[in-house]
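Undergrad: The structure's right below; bear with me while I get my questions together.
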Amino acid sequence: MANIQTLDPNASPLDYYGWELRRQREAHSLKQGQLGDIIFCTGSLIGQIETTKKIPTRDFSERVDAALGTDGVFSRLVGLVLRSQLPTWFQPYADMEAKATYISTYQAQMVYGLLQTEEYARALLATGMPDDLESQVAARIERQRILERERPPLTWVVLDEAALRRPIGGHEVMRRQLLRLLEFADHRWMRIQVLPFATGEHASLAGSFTTMRFESDPDIVYTEDVISGHMTANPDTVREAALRYAHLQATALSVEDSAALITRVMEECYGDRPRPEERAVA
């Protein structure tokens with residue numbers, strides 16, 4: 001029989017997902033191809049997910065839950081699976097990000113991860129030449145689900161103008177990415193400011209950083225270098241980061257003027273002005 005292998009459900013979230021999918025499928029007396037027919041995919045895909053050769057998507061998981069009547073089991077598991085696909089050094093940050101009540105970030109070169117479109121994220125992540133690009137893209141998009149909560153973290157983003165003008169993925173990808181930013185123009189829990197080139201020297205020429213606040217844990221400052229990330233709750237570092245961020249906010253354009261600049265960059269660099277119907281409130 002194809003795709004038979006013994007899985008240790010304790011080995012990883014992905015192994016547990018595959019093990020549980022096989023267990024539930026067999027409990028319903030379904031072959032891989034039969035389950036595939038029910039949820040509109042191939043039996044081969046079912047087998048690849050059961051043997052951890054493919055990463056399940058959220059859509060796949062929701063369809064399995066509906067087909068097998070598993071009360072959201074796979075929809076819950078897939079979040080853990082996708083989180084486990086993040087780089088090991090990044091996972092502690094993602095865990096804290098999911099708990100934060102307030103996030104403030106300055107991004108010097110690229111759009112903040114929680115605001116990236118799938119196409120933009122794919123082009124950006126591909127520069128690292130990963131073996132598992134699609135799973136990394138899915139994991140990054142999964143992080144954005146915290147913005148869909150009834151009470152998401154209050155998030156304040158300062159983007160350097162360079163992040164708007166650097167054509168990651170090409171013009172069409174950038175146009176859609178900037179449009180995504182504009183969708184947050186009137187969002188209750190999100191504020192986006194642009195630090196224009198005209199500012200010249202500013203409080204964070206050394207690079208990007210993110211601070212996070214929590215209901216009961218100490219504030220954290222997060223920075224990245226070329227190959228890893230660093231978190232600290234050192235009070236002196238937290239105070240210094242807060243001071244620098246306050247200067248950045250004061251120097252950046254207002255939220256309204258920032259939206260106007262994003263629109264102008266879309267027109268000047270990517271050849272199109274957003275249509276009124278595209279400026280839907282997020």
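Residue numbers start at 1 in each chain; chains themselves are named A, B, ... in the order of the structure tokens; ligands are numbered from 1 in the order shown.
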Skip Pro218 in chain A itself and residues of its chain fewer than 6 positions away, then list as an mmCIF file with N, CA, C and O atoms, in the first residue's frame all residues within 10 Å of it, counting only C-alpha atoms.
TA:
data_model
loop_
_atom_site.group_PDB
_atom_site.id
_atom_site.type_symbol
_atom_site.label_atom_id
_atom_site.label_comp_id
_atom_site.auth_asym_id
_atom_site.auth_seq_id
_atom_site.Cartn_x
_atom_site.Cartn_y
_atom_site.Cartn_z
ATOM 1 N N MET A 212 7.224 45.273 22.043
ATOM 2 C CA MET A 212 5.938 44.649 22.337
ATOM 3 C C MET A 212 5.607 44.821 23.814
ATOM 4 O O MET A 212 6.481 44.714 24.675
ATOM 5 N N THR A 232 15.049 41.124 24.043
ATOM 6 C CA THR A 232 15.518 41.472 25.379
ATOM 7 C C THR A 232 14.433 42.225 26.127
ATOM 8 O O THR A 232 13.663 42.982 25.525
ATOM 9 N N ALA A 233 14.383 41.992 27.448
ATOM 10 C CA ALA A 233 13.486 42.743 28.328
ATOM 11 C C ALA A 233 14.292 43.659 29.230
ATOM 12 O O ALA A 233 13.754 44.186 30.227
ATOM 13 N N ASN A 234 15.559 43.863 28.904
ATOM 14 C CA ASN A 234 16.408 44.744 29.699
ATOM 15 C C ASN A 234 15.768 46.127 29.801
ATOM 16 O O ASN A 234 15.508 46.763 28.765
ATOM 17 N N PRO A 235 15.486 46.628 31.019
ATOM 18 C CA PRO A 235 14.765 47.908 31.164
ATOM 19 C C PRO A 235 15.452 49.076 30.475
ATOM 20 O O PRO A 235 14.778 49.945 29.907
ATOM 21 N N VAL A 238 14.785 48.761 26.775
ATOM 22 C CA VAL A 238 13.379 49.060 26.502
ATOM 23 C C VAL A 238 13.134 50.566 26.538
ATOM 24 O O VAL A 238 12.444 51.124 25.670
#
Undergrad: Could you name the residues that touch range 3-19 of chain A at 6 Å or less, counting only C-alpha atoms, but leaving out those on the same chain fewer than 4 positions away, as a PyMOL selection string?
TA: chain A and resi 47+49-51+81
Undergrad: Could you jot down the CA of Pro152 in chain A to CA of Tyr93 in chain A separation for me, Å, one decimal place?
TA: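 Separation of CA of Pro152 in chain A and CA of Tyr93 in chain A: 16.8 Å.
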Undergrad: Between A:Val111, A:Cys41, A:Ala206, A:Val221, which has the minimum distance to Ala163 in chain A (counting only C-alpha atoms)?
TA: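 Result for the nearest residue to Ala163 in chain A: A:Val111.
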Undergrad: Write out as number ranges by chain each polymer residue whose atoms come within 6 Å of range 114-117 of chain A, counting only C-alpha atoms; drop sequence neighbours fewer than 4 positions from it.
TA: A: 121, 144, 177
Undergrad: Work out how far CA of Glu161 in chain A is from CA of Ala198 in chain A, in Å to one decimal.
TA: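 If I compute the distance from CA of Ala198 in chain A to CA of Glu161 in chain A, I get 9.4 Å.
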Undergrad: Would you tabulate, counting only C-alpha atoms, all residues of range 100-131 of chain A that have an atom at most 12 Å from an atom of range 248-256 of chain A, showing the closest pair of atoms and their distance in Å to one decimal, sorted by chain then ascending number, as a tab-separated table?
TA:
residue	atom	partner	partner_atom	distance
A:Ser104	CA	A:Gln249	CA	10.1
A:Thr105	CA	A:Leu248	CA	10.1
A:Tyr106	CA	A:Leu248	CA	8.1
A:Gln107	CA	A:Leu248	CA	11.0
A:Ala108	CA	A:Leu248	CA	11.4
Undergrad: For those residues, write C-alpha atoms to a file as a CSV table (one decimal), in the first residue's frame.
TA:
chain,number,residue,atom,x,y,z
A,104,SER,CA,5.2,49.2,17.7
A,105,THR,CA,7.7,48.6,14.9
A,106,TYR,CA,10.0,50.6,12.7
A,107,GLN,CA,10.9,48.9,9.4
A,108,ALA,CA,13.8,50.4,7.4
Undergrad: For Gly169 in chain A, which residue out of A:Ser135, A:Tyr270, A:Thr263, A:Ser228 is the nearest one, using only C-alpha atoms?
TA: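 Counting only C-alpha atoms, the residue closest to Gly169 in chain A is A:Tyr270.
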Undergrad: Write out as a VMD selection string the set of residues from range 111-212 of chain A that DSSP, computed on the backbone, places in helix (DSSP H, G or I).
TA: chain A and resid 113 to 115 118 to 126 133 to 148 161 to 165 171 to 182 197 to 199
Undergrad: Include N, CA and C atoms and write out the residues we just selected as a short mmCIF file (atom, residue, chain, number, x, y, z; two decimals), in the first residue's frame.
TA:
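Wrote it out as result_22.cif, contents follow:
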data_model
loop_
_atom_site.label_atom_id
_atom_site.label_comp_id
_atom_site.auth_asym_id
_atom_site.auth_seq_id
_atom_site.Cartn_x
_atom_site.Cartn_y
_atom_site.Cartn_z
N GLY A 113 5.99 42.32 8.54
CA GLY A 113 5.49 40.98 8.23
C GLY A 113 3.99 40.82 8.38
N LEU A 114 3.37 41.44 9.39
CA LEU A 114 1.94 41.30 9.59
C LEU A 114 1.12 41.99 8.51
N LEU A 115 1.77 42.82 7.71
CA LEU A 115 1.06 43.57 6.66
C LEU A 115 1.41 43.09 5.26
N GLU A 118 0.70 37.83 0.35
CA GLU A 118 1.34 36.53 0.13
C GLU A 118 2.40 36.62 -0.97
N GLU A 119 2.10 37.37 -2.03
CA GLU A 119 3.06 37.49 -3.14
C GLU A 119 4.33 38.21 -2.70
N TYR A 120 4.15 39.27 -1.92
CA TYR A 120 5.30 40.03 -1.43
C TYR A 120 6.14 39.16 -0.51
N ALA A 121 5.47 38.44 0.40
CA ALA A 121 6.18 37.57 1.33
C ALA A 121 6.97 36.49 0.58
N ARG A 122 6.36 35.94 -0.47
CA ARG A 122 7.03 34.89 -1.23
C ARG A 122 8.30 35.43 -1.90
N ALA A 123 8.20 36.60 -2.51
CA ALA A 123 9.36 37.19 -3.17
C ALA A 123 10.45 37.52 -2.16
N LEU A 124 10.06 37.99 -1.01
CA LEU A 124 11.01 38.36 0.03
C LEU A 124 11.70 37.12 0.61
N LEU A 125 10.91 36.11 0.95
CA LEU A 125 11.47 34.90 1.56
C LEU A 125 12.33 34.11 0.57
N ALA A 126 12.02 34.22 -0.72
CA ALA A 126 12.79 33.49 -1.74
C ALA A 126 14.24 33.96 -1.79
N LEU A 133 10.08 26.90 0.71
CA LEU A 133 9.57 28.27 0.55
C LEU A 133 8.08 28.36 0.84
N GLU A 134 7.27 27.48 0.27
CA GLU A 134 5.83 27.60 0.41
C GLU A 134 5.38 27.43 1.86
N SER A 135 6.03 26.56 2.61
CA SER A 135 5.66 26.40 4.01
C SER A 135 6.04 27.64 4.81
N GLN A 136 7.14 28.30 4.45
CA GLN A 136 7.52 29.53 5.13
C GLN A 136 6.55 30.66 4.80
N VAL A 137 6.11 30.71 3.54
CA VAL A 137 5.11 31.72 3.16
C VAL A 137 3.82 31.49 3.95
N ALA A 138 3.37 30.24 4.00
CA ALA A 138 2.14 29.92 4.73
C ALA A 138 2.27 30.27 6.20
N ALA A 139 3.44 30.03 6.78
CA ALA A 139 3.66 30.34 8.19
C ALA A 139 3.61 31.85 8.42
N ARG A 140 4.16 32.62 7.50
CA ARG A 140 4.13 34.08 7.67
C ARG A 140 2.70 34.60 7.55
N ILE A 141 1.94 34.10 6.61
CA ILE A 141 0.55 34.54 6.47
C ILE A 141 -0.27 34.11 7.68
N GLU A 142 0.02 32.95 8.22
CA GLU A 142 -0.68 32.47 9.41
C GLU A 142 -0.49 33.44 10.59
N ARG A 143 0.69 34.02 10.71
CA ARG A 143 0.94 34.99 11.79
C ARG A 143 -0.06 36.14 11.75
N GLN A 144 -0.50 36.49 10.56
CA GLN A 144 -1.38 37.65 10.41
C GLN A 144 -2.77 37.44 11.00
N ARG A 145 -3.09 36.20 11.37
CA ARG A 145 -4.41 35.92 11.94
C ARG A 145 -4.63 36.65 13.26
N ILE A 146 -3.57 37.09 13.91
CA ILE A 146 -3.78 37.84 15.16
C ILE A 146 -4.49 39.16 14.89
N LEU A 147 -4.40 39.67 13.66
CA LEU A 147 -5.09 40.92 13.32
C LEU A 147 -6.58 40.71 13.11
N GLU A 148 -7.02 39.46 13.02
CA GLU A 148 -8.43 39.15 12.78
C GLU A 148 -9.19 38.90 14.08
N GLU A 161 10.38 55.26 3.86
CA GLU A 161 9.92 55.41 2.47
C GLU A 161 10.60 54.39 1.56
N ALA A 162 11.79 53.93 1.94
CA ALA A 162 12.49 52.92 1.14
C ALA A 162 11.67 51.65 0.99
N ALA A 163 10.88 51.31 2.02
CA ALA A 163 10.06 50.10 1.97
C ALA A 163 8.96 50.21 0.91
N LEU A 164 8.56 51.43 0.60
CA LEU A 164 7.54 51.65 -0.42
C LEU A 164 8.13 51.62 -1.82
N ARG A 165 9.35 52.07 -1.94
CA ARG A 165 9.93 52.26 -3.28
C ARG A 165 10.79 51.10 -3.74
N HIS A 171 6.56 45.17 -10.17
CA HIS A 171 5.61 46.26 -10.04
C HIS A 171 4.22 45.82 -9.62
N GLU A 172 3.71 44.74 -10.19
CA GLU A 172 2.36 44.30 -9.84
C GLU A 172 2.28 43.85 -8.38
N VAL A 173 3.30 43.13 -7.94
CA VAL A 173 3.34 42.70 -6.54
C VAL A 173 3.38 43.91 -5.62
N MET A 174 4.19 44.90 -5.99
CA MET A 174 4.29 46.09 -5.14
C MET A 174 3.01 46.91 -5.14
N ARG A 175 2.36 46.99 -6.29
CA ARG A 175 1.11 47.73 -6.33
C ARG A 175 0.09 47.11 -5.38
N ARG A 176 -0.01 45.79 -5.41
CA ARG A 176 -0.96 45.11 -4.52
C ARG A 176 -0.53 45.23 -3.05
N GLN A 177 0.79 45.27 -2.83
CA GLN A 177 1.27 45.42 -1.46
C GLN A 177 0.94 46.81 -0.91
N LEU A 178 1.13 47.83 -1.71
CA LEU A 178 0.80 49.17 -1.24
C LEU A 178 -0.70 49.34 -1.06
N LEU A 179 -1.46 48.71 -1.92
CA LEU A 179 -2.91 48.72 -1.77
C LEU A 179 -3.30 48.08 -0.45
N ARG A 180 -2.61 47.02 -0.08
CA ARG A 180 -2.86 46.35 1.20
C ARG A 180 -2.62 47.33 2.35
N LEU A 181 -1.57 48.12 2.27
CA LEU A 181 -1.32 49.11 3.31
C LEU A 181 -2.45 50.13 3.39
N LEU A 182 -2.95 50.55 2.24
CA LEU A 182 -4.02 51.54 2.23
C LEU A 182 -5.32 50.99 2.81
N PHE A 197 12.03 60.19 2.93
CA PHE A 197 13.45 60.40 2.66
C PHE A 197 13.89 61.81 3.08
N ALA A 198 12.97 62.78 2.94
CA ALA A 198 13.31 64.17 3.24
C ALA A 198 13.71 64.38 4.69
N THR A 199 13.40 63.39 5.56
CA THR A 199 13.77 63.52 6.97
C THR A 199 15.27 63.59 7.16
#
Undergrad: Contacts of range 62-70 of chain A at 9 Å or less, counting only C-alpha atoms, minus same-chain residues fewer than 3 places along, as a PyMOL selection string?
TA: chain A and resi 21+24-25+28+35+38-40+57-59+73-75
Undergrad: A:Ser44, A:Arg83, A:Phe90, A:Ile103: which is nearest Ile227 in chain A, counting only C-alpha atoms?
TA: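 Once distances to Ile227 in chain A are computed over only C-alpha atoms, the minimum belongs to A:Phe90.
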Undergrad: By how many Å are CA of Asp257 in chain A and CA of Ala185 in chain A apart?
TA: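 If I compute the distance from CA of Asp257 in chain A to CA of Ala185 in chain A, I get 10.4 Å.
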